[in-house]
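Structure data (mmCIF, C-alpha atoms) from start_10.cif:
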```cif
data_query
loop_
_atom_site.label_atom_id
_atom_site.label_comp_id
_atom_site.auth_asym_id
_atom_site.auth_seq_id
_atom_site.Cartn_x
_atom_site.Cartn_y
_atom_site.Cartn_z
CA MET A 456 135.52 40.86 81.90
CA ASP A 457 132.21 41.87 80.33
CA SER A 458 132.22 40.62 76.73
CA GLY A 459 130.07 43.53 75.51
CA THR A 460 132.52 46.06 76.92
CA SER A 461 135.46 44.18 75.40
CA VAL A 462 133.92 44.18 71.91
CA SER A 463 132.99 47.88 72.17
CA GLN A 464 136.51 48.87 73.14
CA HIS A 465 137.97 46.72 70.38
CA GLN A 466 135.75 48.30 67.72
CA ARG A 467 136.64 51.87 68.65
CA GLN A 468 139.44 53.05 66.36
CA PRO A 469 140.03 56.78 66.87
CA TRP A 470 142.05 59.43 65.18
CA ILE A 471 144.62 60.82 67.61
CA VAL A 472 144.71 64.62 67.45
CA GLY A 473 147.72 66.33 68.96
CA VAL A 474 147.67 70.07 69.58
CA SER A 475 151.12 71.61 70.07
CA GLY A 476 152.17 75.08 71.13
CA ALA A 477 152.25 76.93 67.80
CA SER A 478 149.75 79.68 67.13
CA GLY A 479 146.75 78.28 65.30
CA THR A 480 144.32 76.76 67.79
CA PRO A 481 141.40 77.63 65.44
CA PHE A 482 142.89 75.15 62.95
CA ALA A 483 142.79 72.42 65.61
CA ALA A 484 139.21 73.30 66.52
CA ALA A 485 138.09 73.11 62.88
CA VAL A 486 139.79 69.72 62.40
CA LEU A 487 138.17 68.37 65.56
CA ARG A 488 134.74 69.60 64.46
CA GLY A 489 135.29 68.03 61.03
CA LEU A 490 136.26 64.66 62.47
CA LEU A 491 133.27 64.61 64.81
CA ALA A 492 130.89 65.71 62.04
CA ALA A 493 132.15 62.77 59.96
CA GLY A 494 131.29 60.37 62.79
CA GLU A 495 134.91 59.71 63.73
CA SER A 496 136.13 58.97 67.24
CA VAL A 497 138.92 61.19 68.56
CA ASP A 498 141.67 60.77 71.12
CA LEU A 499 142.84 64.26 72.09
CA VAL A 500 146.26 65.26 73.43
CA VAL A 501 146.75 68.94 74.26
CA SER A 502 150.37 69.79 75.06
CA ARG A 503 151.34 72.01 77.97
CA ALA A 504 152.63 74.71 75.63
CA SER A 505 149.44 74.65 73.54
CA ARG A 506 147.35 75.39 76.62
CA LEU A 507 149.15 78.71 76.95
CA THR A 508 148.49 79.44 73.27
CA LEU A 509 144.85 78.44 73.64
CA LEU A 510 144.46 80.73 76.64
CA ASP A 511 146.09 83.58 74.72
CA GLU A 512 144.08 83.09 71.52
CA THR A 513 140.68 82.27 73.00
CA GLY A 514 140.72 83.09 76.71
CA ILE A 515 139.92 79.43 77.47
CA ALA A 516 141.96 77.63 80.12
CA PHE A 517 142.08 73.94 79.17
CA ARG A 518 142.02 71.87 82.37
CA ASP A 519 142.45 68.12 82.62
CA GLY A 520 139.82 67.89 85.34
CA HIS A 521 137.24 69.85 83.32
CA TRP A 522 138.34 69.00 79.81
CA GLN A 523 134.87 68.27 78.40
CA GLU A 524 133.52 71.62 79.51
CA ASP A 525 136.59 73.44 78.22
CA LEU A 526 136.59 71.51 74.95
CA ARG A 527 132.93 72.37 74.31
CA SER A 528 133.66 76.05 74.86
CA TRP A 529 136.67 75.89 72.55
CA LEU A 530 134.95 74.05 69.71
CA ALA A 531 131.88 76.28 69.93
CA ARG A 532 134.01 79.36 69.31
CA GLY A 533 134.45 80.72 65.78
CA ALA A 534 137.81 81.68 64.34
CA ASP A 535 136.82 85.31 64.88
CA GLY A 536 136.53 84.66 68.61
CA LYS A 537 132.74 84.71 68.84
CA PRO A 538 131.40 82.15 71.33
CA HIS A 539 128.45 79.85 70.57
CA THR A 540 129.18 79.92 66.83
CA PHE A 541 129.10 76.11 66.56
CA ASP A 542 127.11 73.40 68.32
CA VAL A 543 129.40 70.42 68.87
CA ASP A 544 128.85 67.10 70.64
CA VAL A 545 132.11 65.89 72.23
CA GLU A 546 130.86 62.48 73.35
CA ASN A 547 133.13 60.75 70.81
CA VAL A 548 136.24 62.41 72.25
CA ARG A 549 138.59 60.81 74.75
CA HIS A 550 141.16 63.04 76.40
CA TRP A 551 144.64 61.98 77.49
CA ALA A 552 146.88 64.20 79.61
CA ALA A 553 150.05 65.21 77.80
CA GLY A 554 152.20 63.95 80.66
CA ASP A 555 150.58 60.50 80.74
CA LEU A 556 153.19 58.34 79.03
CA ALA A 557 151.27 55.22 80.07
CA ALA A 558 148.22 56.34 78.06
CA GLY A 559 146.71 54.19 75.35
CA PRO A 560 148.24 56.06 72.37
CA SER A 561 151.74 55.49 73.79
CA SER A 562 151.58 51.87 72.64
CA GLY A 563 151.55 50.43 69.14
CA SER A 564 148.99 47.83 70.25
CA TYR A 565 146.46 50.59 70.93
CA PRO A 566 144.03 50.69 67.99
CA ALA A 567 144.11 53.99 66.11
CA LYS A 568 143.57 55.06 62.51
CA GLY A 569 146.41 57.54 62.62
CA MET A 570 147.39 60.90 64.06
CA LEU A 571 146.92 64.55 63.10
CA ILE A 572 149.15 67.19 64.71
CA VAL A 573 147.39 70.54 64.34
CA PRO A 574 149.06 72.96 64.67
CA ALA A 575 152.61 71.62 64.78
CA SER A 576 155.29 73.90 66.24
CA THR A 577 158.93 73.66 65.19
CA ALA A 578 159.74 72.25 68.63
CA CYS A 579 157.13 69.54 68.12
CA VAL A 580 158.45 68.84 64.60
CA ALA A 581 161.98 68.46 65.97
CA GLY A 582 160.87 66.19 68.81
CA VAL A 583 158.94 63.87 66.49
CA ALA A 584 161.66 63.83 63.83
CA LEU A 585 164.30 62.96 66.42
CA GLY A 586 162.11 60.47 68.27
CA LEU A 587 162.46 62.26 71.60
CA SER A 588 159.05 61.22 73.01
CA LYS A 589 159.30 63.86 75.72
CA ASP A 590 155.51 63.88 76.19
CA LEU A 591 152.50 61.87 75.05
CA LEU A 592 152.06 63.94 71.89
CA GLN A 593 155.56 63.15 70.66
CA ARG A 594 155.37 59.53 71.82
CA ALA A 595 152.04 58.98 70.04
CA ALA A 596 153.51 60.45 66.85
CA SER A 597 156.53 58.13 67.07
CA VAL A 598 154.21 55.17 67.58
CA THR A 599 152.14 56.25 64.59
CA LEU A 600 155.23 56.29 62.39
CA LYS A 601 156.60 52.96 63.59
CA GLU A 602 153.23 51.29 63.07
CA ARG A 603 153.08 52.76 59.52
CA ARG A 604 149.85 54.61 60.25
CA LYS A 605 148.90 57.94 58.73
CA LEU A 606 150.61 60.93 60.37
CA VAL A 607 149.70 64.44 59.21
CA VAL A 608 151.86 67.27 60.52
CA ALA A 609 150.27 70.69 59.99
CA VAL A 610 153.30 72.87 60.64
CA ARG A 611 152.44 76.48 61.48
CA GLU A 612 155.61 78.55 61.73
CA THR A 613 157.21 81.15 59.49
CA PRO A 614 159.92 81.60 58.43
CA LEU A 615 161.45 78.13 58.63
CA ASN A 616 165.16 77.73 59.27
CA GLY A 617 167.37 75.07 57.74
CA GLN A 618 167.27 72.77 60.75
CA THR A 619 163.47 72.70 60.78
CA LEU A 620 163.42 72.06 57.04
CA LYS A 621 165.72 69.07 57.60
CA HIS A 622 163.38 67.79 60.30
CA LEU A 623 160.42 68.13 57.94
CA VAL A 624 162.29 66.22 55.24
CA SER A 625 163.02 63.50 57.81
CA LEU A 626 159.32 63.27 58.65
CA ASP A 627 158.43 63.07 54.97
CA GLU A 628 160.96 60.29 54.46
CA ALA A 629 159.51 58.46 57.47
CA GLY A 630 156.09 58.48 55.82
CA ALA A 631 154.41 61.50 57.39
CA VAL A 632 152.39 64.02 55.39
CA VAL A 633 153.93 67.46 55.94
CA LEU A 634 151.08 69.93 55.50
CA PRO A 635 151.88 73.62 56.07
CA ALA A 636 148.92 75.56 57.44
CA SER A 637 148.68 77.66 54.28
CA PRO A 638 145.18 78.77 53.25
CA ALA A 639 144.27 79.24 49.59
CA PHE A 640 141.98 81.92 48.19
CA TYR A 641 140.43 80.28 45.12
CA ALA A 642 137.57 78.93 47.23
CA GLY A 643 136.08 82.43 47.57
CA ALA A 644 136.85 83.06 51.24
CA THR A 645 134.93 86.00 52.70
CA HIS A 646 135.59 85.34 56.39
CA ILE A 647 138.48 84.27 58.59
CA GLN A 648 136.60 81.03 59.28
CA ASP A 649 136.72 80.20 55.56
CA LEU A 650 140.52 80.40 55.58
CA VAL A 651 140.76 78.28 58.72
CA ASP A 652 138.34 75.72 57.31
CA PHE A 653 140.37 75.43 54.10
CA VAL A 654 143.45 74.34 56.05
CA ALA A 655 141.37 72.03 58.25
CA GLY A 656 139.81 70.55 55.14
CA ARG A 657 143.20 69.84 53.60
CA VAL A 658 144.23 68.07 56.82
CA LEU A 659 141.10 65.93 56.64
CA ASP A 660 141.77 65.28 52.93
CA ALA A 661 145.21 63.95 53.82
CA ALA A 662 143.60 61.67 56.40
CA GLY A 663 140.94 60.48 53.97
CA VAL A 664 138.07 61.84 56.08
CA PRO A 665 135.09 63.24 54.10
CA HIS A 666 133.98 66.81 54.76
CA ASP A 667 132.45 69.88 53.16
CA LEU A 668 134.64 72.55 54.73
CA TYR A 669 135.71 74.30 51.53
CA ARG A 670 134.86 74.69 47.85
CA ARG A 671 137.06 72.42 45.78
CA TRP A 672 138.81 73.51 42.60
CA GLU A 673 136.85 72.34 39.57
CA GLY A 674 138.87 73.93 36.79
CA GLU A 675 136.69 77.03 36.46
CA LEU A 676 138.50 80.34 36.74
CA GLY A 677 136.71 82.81 38.98
CA GLY A 678 134.22 80.27 40.30
CA GLY A 679 135.02 81.03 43.90
CA SER A 680 134.71 84.78 43.54
CA ARG A 681 131.32 84.42 41.81
CA ASP A 682 130.12 82.15 44.61
CA SER A 683 131.20 84.68 47.23
CA ARG A 684 129.23 87.44 45.46
CA GLY A 685 126.13 85.26 45.54
#
```
Take the structure in the file and write it out as structure tokens.
Amino acid sequence: MDSGTSVSQHQRQPWIVGVSGASGTPFAAAVLRGLLAAGESVDLVVSRASRLTLLDETGIAFRDGHWQEDLRSWLARGADGKPHTFDVDVENVRHWAAGDLAAGPSSGSYPAKGMLIVPASTACVAGVALGLSKDLLQRAASVTLKERRKLVVAVRETPLNGQTLKHLVSLDEAGAVVLPASPAFYAGATHIQDLVDFVAGRVLDAAGVPHDLYRRWEGELGGGSRDSRG
């Protein structure tokens, strides 16, 4: 074994990002851009259901065999659907097929900082809470919990029924951060991208990743609205 390769692989410690089938693929794109802008490595798992949502919301078909090309197109797209809005380098991303239960993130010995599920559907929430591990996304989340690593679950469903609320409480008790994809308006949002970036920024806050995606509250009433008026 080449010693240089061994050291390089050992030093890489990515954030695992799982994208489930709930509406909200722009949230996932903003989180991915934020992680990459912060110099973080990413292991990406896109569920089968989320590929249908991505196709519906963006027109992009995410294909395992062409994932880099498809990921670039996705991350370059703004929340308003305009292509070529962002310029993103995806070299620090490693993709794992959702059906690959032998993938690196399926094992607790695989080095990772933690996992962010954005967006998280109620089906995904249930699967993780119950430890079903029906695909790599759920298995990686279960591994993250058992290894006591950071797990952020950005649930994006409304309304929530009692069973889902119980599952969310179970995740909270297991150590996960339950983070509803709920944008705030004090930051002076003037565009749909601002609202998306607020949620993405809160996800990154929970992970401890620095960013400048939104204006933080500083105790000044009306500060955001004055900023938005220039």
(request) Name the residues that the PyMOL selection byres ((chain A and resi 597-602) around 8) picks from the file above, as number ranges by chain, using the file's chain letters and numbers. (result) A: 560-563, 569-570, 583, 586, 588, 593-596, 603-606, 629-631
(message) Selection in question (the file shown): the PyMOL selection byres ((chain A and resi 497-502) around 7). Which residues does it include, as number ranges by chain?
(response) A: 469-476, 495-496, 503-506, 547-553, 592
Would you output that residue set with C-alpha atoms, as an mmCIF file, in the coordinates of the input?
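Dumped to part-v7.cif:
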```
data_model
loop_
_atom_site.group_PDB
_atom_site.id
_atom_site.type_symbol
_atom_site.label_atom_id
_atom_site.label_comp_id
_atom_site.auth_asym_id
_atom_site.auth_seq_id
_atom_site.Cartn_x
_atom_site.Cartn_y
_atom_site.Cartn_z
ATOM 1 C CA PRO A 469 140.030 56.780 66.870
ATOM 2 C CA TRP A 470 142.050 59.430 65.180
ATOM 3 C CA ILE A 471 144.620 60.820 67.610
ATOM 4 C CA VAL A 472 144.710 64.620 67.450
ATOM 5 C CA GLY A 473 147.720 66.330 68.960
ATOM 6 C CA VAL A 474 147.670 70.070 69.580
ATOM 7 C CA SER A 475 151.120 71.610 70.070
ATOM 8 C CA GLY A 476 152.170 75.080 71.130
ATOM 9 C CA GLU A 495 134.910 59.710 63.730
ATOM 10 C CA SER A 496 136.130 58.970 67.240
ATOM 11 C CA ARG A 503 151.340 72.010 77.970
ATOM 12 C CA ALA A 504 152.630 74.710 75.630
ATOM 13 C CA SER A 505 149.440 74.650 73.540
ATOM 14 C CA ARG A 506 147.350 75.390 76.620
ATOM 15 C CA ASN A 547 133.130 60.750 70.810
ATOM 16 C CA VAL A 548 136.240 62.410 72.250
ATOM 17 C CA ARG A 549 138.590 60.810 74.750
ATOM 18 C CA HIS A 550 141.160 63.040 76.400
ATOM 19 C CA TRP A 551 144.640 61.980 77.490
ATOM 20 C CA ALA A 552 146.880 64.200 79.610
ATOM 21 C CA ALA A 553 150.050 65.210 77.800
ATOM 22 C CA LEU A 592 152.060 63.940 71.890
#
```
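Against this structure, the PyMOL selection byres ((chain A and resi 508-513) around 8) ends up with A:Gly476, A:Ala477, A:Ser478, A:Thr480, A:Ala504, A:Ser505, A:Arg506, A:Leu507, A:Gly514, A:Ile515, A:Ala516, A:Phe517, A:Trp529, A:Gly536.
Taking CA of Ala655 in chain A as the reference point, CA of Gly617 in chain A is found at 26.2 Å.
Reported to one decimal place, the separation of CA of Pro481 in chain A from CA of Asp525 in chain A is 14.3 Å.
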